[in-house]
>>> print(open('protein33.txt').read())   # compact mmCIF, C-alpha atoms
# COMPACT_ATOMS: atom_id res chain seq x y z
CA MET Q 1419 0.00 0.00 0.00
CA ASN Q 1420 2.83 2.38 0.94
CA ARG Q 1421 4.53 1.48 -2.35
CA ILE Q 1422 1.35 2.44 -4.26
CA LYS Q 1423 1.16 5.76 -2.41
CA HIS Q 1424 4.85 6.32 -3.20
CA PHE Q 1425 4.30 5.75 -6.93
CA ALA Q 1426 1.20 7.97 -6.87
CA THR Q 1427 3.11 10.73 -5.13
CA CYS Q 1428 5.96 10.45 -7.64
CA GLY Q 1429 3.51 10.49 -10.52
CA ILE Q 1430 1.83 13.64 -9.25
CA ALA Q 1431 5.23 15.28 -8.73
CA CYS Q 1432 6.23 14.45 -12.29
CA LEU Q 1433 3.00 15.85 -13.68
CA VAL Q 1434 3.49 19.06 -11.72
CA ALA Q 1435 7.08 19.34 -12.91
CA LEU Q 1436 6.01 18.74 -16.51
CA ALA Q 1437 3.28 21.35 -16.22
CA LEU Q 1438 5.70 23.86 -14.79
CA SER Q 1439 8.17 23.07 -17.55
CA ASN Q 1440 5.52 23.63 -20.20
CA CYS Q 1441 4.52 26.89 -18.56
CA LYS Q 1442 8.11 28.05 -18.62
CA LYS Q 1443 8.45 27.13 -22.29
CA GLY Q 1444 5.24 28.97 -22.97
CA ASN Q 1445 6.57 32.03 -21.18
CA ASP Q 1446 9.82 31.86 -23.15
CA ALA Q 1447 7.84 31.65 -26.38
CA SER Q 1448 5.75 34.63 -25.36
CA THR Q 1449 8.88 36.62 -24.61
CA ALA Q 1450 10.33 35.66 -27.98
CA GLU Q 1451 7.15 36.75 -29.73
CA ILE Q 1452 7.38 40.15 -28.03
CA VAL Q 1453 11.04 40.65 -28.92
CA ASN Q 1454 11.10 39.25 -32.45
CA PRO Q 1455 8.73 41.74 -34.11
CA SER Q 1456 11.15 44.59 -33.41
CA LEU Q 1457 14.00 42.49 -34.73
CA LYS Q 1458 12.07 41.64 -37.88
CA SER Q 1459 10.67 45.11 -38.43
CA GLY Q 1460 13.72 46.19 -40.39
CA ASN Q 1461 13.66 49.65 -38.82
CA GLU Q 1462 17.39 49.50 -38.24
CA THR Q 1463 18.27 47.41 -41.28
CA LYS Q 1464 19.54 49.27 -44.31
CA SER Q 1465 19.06 47.73 -47.72
CA VAL Q 1466 22.06 48.92 -49.73
CA LEU Q 1467 21.95 47.19 -53.10
CA PHE Q 1468 25.28 48.50 -54.37
CA ASN Q 1469 28.26 50.13 -52.67
CA GLY Q 1470 30.52 51.92 -55.13
CA ASP Q 1471 33.17 53.13 -52.70
CA ALA Q 1472 36.61 53.50 -54.26
CA ALA Q 1473 37.98 51.53 -51.31
CA ASN Q 1474 36.18 48.47 -52.70
CA GLY Q 1475 38.42 48.48 -55.77
CA SER Q 1476 37.72 49.03 -59.45
CA SER Q 1477 37.08 45.35 -60.20
CA ASN Q 1478 34.28 45.26 -57.60
CA VAL Q 1479 32.60 48.50 -58.63
CA TRP Q 1480 32.77 48.95 -62.40
CA LYS Q 1481 31.46 46.73 -65.16
CA ASP Q 1482 33.67 48.70 -67.54
CA ILE Q 1483 35.78 51.85 -67.82
CA ASN Q 1484 34.94 53.98 -70.88
CA ILE Q 1485 37.67 56.35 -72.08
CA GLU Q 1486 37.77 58.18 -75.40
CA GLY Q 1487 41.04 60.09 -75.67
CA THR Q 1488 43.73 60.25 -73.00
CA GLY Q 1489 41.64 60.35 -69.82
CA SER Q 1490 42.10 58.29 -66.68
CA VAL Q 1491 40.13 56.84 -63.77
CA THR Q 1492 42.21 56.81 -60.60
CA THR Q 1493 41.64 57.29 -56.86
CA ILE Q 1494 42.44 60.17 -54.53
CA ASN Q 1495 41.86 60.90 -50.84
CA ASP Q 1496 39.57 63.77 -49.89
CA GLU Q 1497 40.20 66.16 -46.99
CA THR Q 1498 38.82 63.58 -44.52
CA GLY Q 1499 40.96 60.74 -45.84
CA THR Q 1500 38.05 59.10 -47.71
CA LEU Q 1501 39.16 57.39 -50.90
CA CYS Q 1502 37.36 58.85 -53.93
CA TRP Q 1503 37.16 58.17 -57.64
CA LYS Q 1504 38.96 60.72 -59.82
CA PHE Q 1505 37.70 60.98 -63.41
CA LEU Q 1506 40.07 63.07 -65.52
CA LYS Q 1507 39.01 64.08 -69.04
CA PRO Q 1508 41.70 66.21 -70.68
CA ALA Q 1509 40.98 68.87 -73.29
CA ASP Q 1510 40.42 67.37 -76.76
CA SER Q 1511 39.26 64.10 -75.18
CA HIS Q 1512 35.61 63.08 -75.28
CA ARG Q 1513 34.88 60.71 -72.43
CA THR Q 1514 36.13 59.35 -69.10
CA GLU Q 1515 33.44 57.32 -67.31
CA GLY Q 1516 32.98 54.41 -64.96
CA HIS Q 1517 30.17 52.09 -66.04
CA GLY Q 1518 28.51 50.61 -62.94
CA ALA Q 1519 27.18 48.90 -61.05
CA LYS Q 1520 29.07 45.59 -60.80
CA ASN Q 1521 26.80 42.66 -59.88
CA TYR Q 1522 23.67 44.82 -59.76
CA GLN Q 1523 20.91 45.48 -62.26
CA ALA Q 1524 17.54 47.21 -61.74
CA ASP Q 1525 14.42 45.44 -62.96
CA GLU Q 1526 10.96 46.51 -64.09
CA ASP Q 1527 8.87 47.88 -61.18
CA ASP Q 1528 11.87 48.29 -58.84
CA VAL Q 1529 11.95 51.50 -56.80
CA ILE Q 1530 15.55 52.52 -56.18
CA TYR Q 1531 17.57 55.42 -54.82
CA ILE Q 1532 20.95 56.35 -56.32
CA GLY Q 1533 23.14 58.63 -54.22
CA TRP Q 1534 26.64 60.09 -54.54
CA THR Q 1535 28.76 63.14 -53.74
CA SER Q 1536 30.74 64.93 -56.43
CA LYS Q 1537 33.18 67.79 -56.90
CA LEU Q 1538 33.75 69.27 -60.38
CA TYR Q 1539 36.83 71.14 -61.55
CA MET Q 1540 35.99 72.79 -64.87
CA PRO Q 1541 35.20 76.11 -66.55
CA LEU Q 1542 31.81 77.33 -65.31
CA THR Q 1543 30.46 77.94 -68.81
CA LEU Q 1544 31.60 74.64 -70.34
CA GLN Q 1545 28.85 72.44 -71.77
CA THR Q 1546 29.15 68.72 -71.07
CA ASP Q 1547 26.85 65.93 -72.19
CA ALA Q 1548 26.89 64.21 -68.79
CA VAL Q 1549 28.56 63.97 -65.41
CA PHE Q 1550 26.08 61.18 -64.57
CA GLN Q 1551 24.03 58.92 -66.84
CA TRP Q 1552 21.28 56.35 -66.43
CA LYS Q 1553 22.35 54.60 -69.62
CA SER Q 1554 20.57 52.04 -71.82
CA TYR Q 1555 22.17 48.73 -72.81
CA PRO Q 1556 22.63 47.41 -75.38
CA THR Q 1557 22.96 50.75 -77.15
CA ALA Q 1558 21.99 49.25 -80.51
CA GLY Q 1559 18.22 49.43 -80.71
CA ALA Q 1560 17.87 51.80 -77.74
CA GLN Q 1561 15.24 54.51 -78.09
CA ALA Q 1562 15.99 56.97 -75.30
CA ASN Q 1563 19.62 55.76 -75.09
CA HIS Q 1564 20.06 57.50 -71.73
CA PRO Q 1565 16.69 58.23 -70.06
CA ILE Q 1566 18.26 60.33 -67.29
CA MET Q 1567 21.37 62.51 -67.51
CA LEU Q 1568 22.97 65.16 -65.30
CA ARG Q 1569 25.01 67.67 -67.30
CA THR Q 1570 26.44 71.20 -67.31
CA LYS Q 1571 25.38 73.96 -69.70
CA ASN Q 1572 25.72 77.76 -69.75
CA GLY Q 1573 26.81 77.92 -66.13
CA ASN Q 1574 24.03 75.64 -64.93
CA LEU Q 1575 23.73 72.08 -63.71
CA GLU Q 1576 20.78 70.34 -65.41
CA LEU Q 1577 18.87 67.10 -64.82
CA GLN Q 1578 17.55 65.89 -68.16
CA TYR Q 1579 15.02 63.29 -69.28
CA PHE Q 1580 15.12 61.72 -72.75
CA ASP Q 1581 11.98 60.16 -74.25
CA ILE Q 1582 11.76 57.32 -76.80
CA ASN Q 1583 12.35 59.80 -79.62
CA HIS Q 1584 15.50 61.04 -77.88
CA ASN Q 1585 13.91 64.41 -77.20
CA ALA Q 1586 15.33 66.03 -74.07
CA THR Q 1587 13.37 67.73 -71.29
CA VAL Q 1588 15.16 69.66 -68.55
CA LEU Q 1589 13.55 68.41 -65.33
CA TRP Q 1590 15.58 70.65 -63.01
CA SER Q 1591 18.33 73.28 -63.19
CA THR Q 1592 20.48 75.31 -60.81
CA SER Q 1593 23.61 77.45 -60.99
CA LEU Q 1594 26.71 75.30 -61.27
CA SER Q 1595 29.10 75.32 -58.34
CA THR Q 1596 32.63 74.07 -58.98
CA SER Q 1597 35.45 73.09 -56.62
CA THR Q 1598 32.94 72.25 -53.88
CA TRP Q 1599 31.18 69.07 -52.79
CA LEU Q 1600 27.71 68.56 -54.26
CA LYS Q 1601 25.34 65.86 -52.98
CA PHE Q 1602 22.84 64.04 -55.19
CA VAL Q 1603 20.06 61.51 -54.71
CA ILE Q 1604 17.80 60.28 -57.51
CA ARG Q 1605 14.76 58.15 -56.74
CA MET Q 1606 13.34 56.19 -59.66
CA LYS Q 1607 10.57 53.72 -60.25
CA ILE Q 1608 11.90 51.56 -63.02
CA SER Q 1609 9.45 51.04 -65.88
CA TYR Q 1610 9.08 51.03 -69.65
CA ASP Q 1611 5.67 52.66 -69.09
CA ASP Q 1612 5.88 56.46 -68.90
CA SER Q 1613 2.73 56.56 -66.77
CA VAL Q 1614 4.26 54.18 -64.20
CA GLY Q 1615 7.95 55.09 -64.02
CA TYR Q 1616 8.94 58.26 -62.21
CA VAL Q 1617 11.85 60.39 -61.00
CA GLU Q 1618 12.39 62.35 -57.77
CA PHE Q 1619 15.52 64.33 -56.99
CA TRP Q 1620 17.43 65.66 -53.96
CA TYR Q 1621 20.24 68.23 -54.25
CA ASN Q 1622 22.47 68.91 -51.25
CA GLY Q 1623 20.01 67.14 -48.99
CA VAL Q 1624 16.91 69.06 -50.15
CA LYS Q 1625 14.16 67.46 -52.23
CA GLN Q 1626 13.71 69.53 -55.38
CA THR Q 1627 10.64 70.81 -57.19
CA LEU Q 1628 10.88 69.69 -60.80
CA SER Q 1629 9.84 71.28 -64.08
CA ASN Q 1630 6.19 70.20 -63.75
CA GLY Q 1631 5.85 72.09 -60.44
CA ASN Q 1632 5.83 68.86 -58.42
CA GLN Q 1633 8.50 66.81 -56.68
CA ARG Q 1634 7.84 63.81 -58.93
CA VAL Q 1635 7.84 63.51 -62.71
CA TYR Q 1636 6.30 60.44 -64.33
CA CYS Q 1637 8.41 59.22 -67.23
CA ARG Q 1638 9.87 56.15 -68.90
CA THR Q 1639 12.90 55.14 -66.85
CA LEU Q 1640 13.78 51.86 -68.58
CA ASP Q 1641 15.10 51.52 -72.12
CA SER Q 1642 16.57 48.80 -74.33
CA ASP Q 1643 17.17 45.62 -72.24
CA TYR Q 1644 18.27 47.41 -69.07
CA CYS Q 1645 19.86 50.61 -67.76
CA ASP Q 1646 23.05 51.12 -65.75
CA PRO Q 1647 24.48 54.16 -63.95
CA LYS Q 1648 27.63 55.89 -65.18
CA TRP Q 1649 29.74 58.51 -63.42
CA GLY Q 1650 32.55 60.69 -64.74
CA VAL Q 1651 32.69 63.13 -67.65
CA TYR Q 1652 31.13 62.81 -71.10
CA GLY Q 1653 31.56 65.62 -73.65
CA GLY Q 1654 32.98 69.06 -72.96
CA ASP Q 1655 35.83 68.33 -75.33
CA ALA Q 1656 37.11 71.93 -75.44
CA SER Q 1657 38.48 71.91 -71.88
CA GLN Q 1658 39.85 69.65 -69.19
CA VAL Q 1659 37.28 68.42 -66.66
CA THR Q 1660 37.90 66.54 -63.44
CA ASN Q 1661 35.02 64.91 -61.57
CA ILE Q 1662 35.80 63.63 -58.06
CA VAL Q 1663 33.10 61.19 -56.92
CA LYS Q 1664 32.62 59.45 -53.58
CA LYS Q 1665 30.05 57.53 -51.50
CA ILE Q 1666 28.27 55.97 -54.46
CA ARG Q 1667 25.26 53.98 -53.26
CA ILE Q 1668 22.16 52.31 -54.68
CA GLY Q 1669 19.48 51.33 -52.17
CA THR Q 1670 15.78 50.94 -51.49
CA SER Q 1671 15.45 53.92 -49.13
CA TYR Q 1672 16.70 57.49 -48.96
CA SER Q 1673 18.64 56.72 -45.78
CA ASP Q 1674 20.54 53.98 -47.62
CA VAL Q 1675 22.16 56.46 -49.99
CA ALA Q 1676 21.94 59.98 -48.52
CA GLN Q 1677 25.26 61.61 -47.65
>>> encode(input="protein33.txt", output="structure tokens")
Amino acid sequence: MNRIKHFATCGIACLVALALSNCKKGNDASTAEIVNPSLKSGNETKSVLFNGDAANGSSNVWKDINIEGTGSVTTINDETGTLCWKFLKPADSHRTEGHGAKNYQADEDDVIYIGWTSKLYMPLTLQTDAVFQWKSYPTAGAQANHPIMLRTKNGNLELQYFDINHNATVLWSTSLSTSTWLKFVIRMKISYDDSVGYVEFWYNGVKQTLSNGNQRVYCRTLDSDYCDPKWGVYGGDASQVTNIVKKIRIGTSYSDVAQ
């Protein structure tokens, strides 16, 4: 009889222990459920799609280097010790550009931000074709060829859009500042459809009003098979131009790329 009571007592003790164990596991799970949402929220997770820092090396940043004439793409430290890209296009040369972005390509319906900081050394009145391009590939068969370009003209810095007939529209313009750091962010929805794709633009940290009076212009932002970014100097053959570029980023939020 005592043995039966002993087994019964042990059995009850085991059941109580098991119940307590399950309660503890349940409490742990509840704690995990409280903590995990903040971890999964992504509030502190940046989504940089491409990092074009010069410190990463040319082979990890550029798909190609495009030089027409005697230009060069080298690196140089800025005043803070940050390694930058130096695009030198001498007079009587036509192009010195880095074709990016290695191991990255934007697709239809993507929304991306492209950010960088640049310093131009050039005559204020010199006209260039581009110091940044959103360029179509392959070029053969392209309609717009370069849907978005940033260039200099008549003492101004201009953001241009090219339609399928290669007609240019100036989306934004400001007085050109040389020998000083300029900060750029372009937001684009990538699309062949000019009613779906769009462009937004920040200059020196301020979102800009564009030529339509709004901060967004709907336009066709995809051409040929795909588009890639290019930095450097294109055109402006009459004079030497140097474009120092740093902190190149492509991301899915403004904070990913803003300088």
>>> residues_around(input="protein33.txt", residues="Ile1662 (chain Q)", least_positions_apart="2", cutoff="12 Å", atoms="all atoms listed in the file", output="JSON, numbers by chain")
{"Q": [1472, 1490, 1491, 1492, 1493, 1494, 1495, 1496, 1500, 1501, 1502, 1503, 1504, 1505, 1506, 1507, 1514, 1515, 1516, 1534, 1535, 1536, 1537, 1538, 1539, 1540, 1549, 1550, 1596, 1597, 1598, 1599, 1600, 1601, 1649, 1650, 1651, 1659, 1660, 1664, 1665, 1666]}
>>> closest_residue(input="protein33.txt", among="Q:Ser1609, Q:Ser1671, Q:Gln1677, Q:Gln1561", to="Asp1527 (chain Q)", atoms="all atoms listed in the file")
Q:Ser1609
>>> residues_around(input="protein33.txt", residues="Asn1478 (chain Q)", least_positions_apart="5", cutoff="12 Å", atoms="all atoms listed in the file", output="short mmCIF file (atom, residue, chain, number, x, y, z; two decimals) with C-alpha atoms, in the frame of the given file")
data_model
loop_
_atom_site.label_atom_id
_atom_site.label_comp_id
_atom_site.auth_asym_id
_atom_site.auth_seq_id
_atom_site.Cartn_x
_atom_site.Cartn_y
_atom_site.Cartn_z
CA PHE Q 1468 25.28 48.50 -54.37
CA ASN Q 1469 28.26 50.13 -52.67
CA GLY Q 1470 30.52 51.92 -55.13
CA ASP Q 1471 33.17 53.13 -52.70
CA ALA Q 1472 36.61 53.50 -54.26
CA ALA Q 1473 37.98 51.53 -51.31
CA GLY Q 1516 32.98 54.41 -64.96
CA HIS Q 1517 30.17 52.09 -66.04
CA GLY Q 1518 28.51 50.61 -62.94
CA ALA Q 1519 27.18 48.90 -61.05
CA LYS Q 1520 29.07 45.59 -60.80
CA ASN Q 1521 26.80 42.66 -59.88
CA TYR Q 1522 23.67 44.82 -59.76
#
>>> closest_residue(input="protein33.txt", among="Q:Met1567, Q:Ile1485, Q:Ala1560, Q:Ile1582", to="Val1617 (chain Q)", atoms="only C-alpha atoms")
Q:Met1567
>>> closest_residue(input="protein33.txt", among="Q:Asn1622, Q:Asn1583, Q:Gln1658, Q:Ser1613", to="Arg1638 (chain Q)", atoms="all atoms listed in the file")
Q:Ser1613
>>> atom_distance(input="protein33.txt", atom1="CA of Gly1573 (chain Q)", atom2="CA of Ala1586 (chain Q)")
18.3 Å
>>> residues_around(input="protein33.txt", residues="Tyr1610 (chain Q)", least_positions_apart="4", cutoff="8 Å", atoms="all atoms listed in the file", output="number ranges by chain")
Q: 1526, 1614-1615, 1638-1641
>>> residues_around(input="protein33.txt", residues="Tyr1672 (chain Q)", least_positions_apart="2", cutoff="9 Å", atoms="all atoms listed in the file", output="MDAnalysis selection string")
chainID Q and resid 1530:1533 1603 1605 1669:1670 1674:1676
>>> closest_residue(input="protein33.txt", among="Q:Ser1477, Q:Thr1592, Q:Thr1587, Q:Glu1497", to="Thr1627 (chain Q)", atoms="only C-alpha atoms")
Q:Thr1592
>>> residues_around(input="protein33.txt", residues="Tyr1555 (chain Q)", least_positions_apart="2", cutoff="10 Å", atoms="all atoms listed in the file", output="JSON, numbers by chain")
{"Q": [1552, 1553, 1557, 1558, 1559, 1560, 1563, 1564, 1640, 1641, 1642, 1643, 1644, 1645, 1646]}
>>> closest_residue(input="protein33.txt", among="Q:Asp1528, Q:Glu1576, Q:Glu1486, Q:Asp1510", to="Lys1607 (chain Q)", atoms="all atoms listed in the file")
Q:Asp1528
>>> residues_near_point(input="protein33.txt", point="(24.0, 73.9, -65.4)", cutoff="10 Å", atoms="all atoms listed in the file", output="compact mmCIF listing (two decimals) with C-alpha atoms, in the frame of the given file")
# COMPACT_ATOMS: atom_id res chain seq x y z
CA LEU Q 1542 31.81 77.33 -65.31
CA THR Q 1543 30.46 77.94 -68.81
CA LEU Q 1544 31.60 74.64 -70.34
CA GLN Q 1545 28.85 72.44 -71.77
CA THR Q 1546 29.15 68.72 -71.07
CA LEU Q 1568 22.97 65.16 -65.30
CA ARG Q 1569 25.01 67.67 -67.30
CA THR Q 1570 26.44 71.20 -67.31
CA LYS Q 1571 25.38 73.96 -69.70
CA ASN Q 1572 25.72 77.76 -69.75
CA GLY Q 1573 26.81 77.92 -66.13
CA ASN Q 1574 24.03 75.64 -64.93
CA LEU Q 1575 23.73 72.08 -63.71
CA GLU Q 1576 20.78 70.34 -65.41
CA LEU Q 1577 18.87 67.10 -64.82
CA TRP Q 1590 15.58 70.65 -63.01
CA SER Q 1591 18.33 73.28 -63.19
CA THR Q 1592 20.48 75.31 -60.81
CA SER Q 1593 23.61 77.45 -60.99
CA LEU Q 1594 26.71 75.30 -61.27
CA SER Q 1595 29.10 75.32 -58.34
>>> atom_distance(input="protein33.txt", atom1="CA of Asn1661 (chain Q)", atom2="CA of Pro1556 (chain Q)")
25.5 Å
>>> closest_residue(input="protein33.txt", among="Q:Ile1668, Q:Ala1548, Q:Met1606, Q:Leu1589", to="Gly1631 (chain Q)", atoms="all atoms listed in the file")
Q:Leu1589
>>> atom_distance(input="protein33.txt", atom1="CA of Gly1475 (chain Q)", atom2="CA of Pro1647 (chain Q)")
17.1 Å
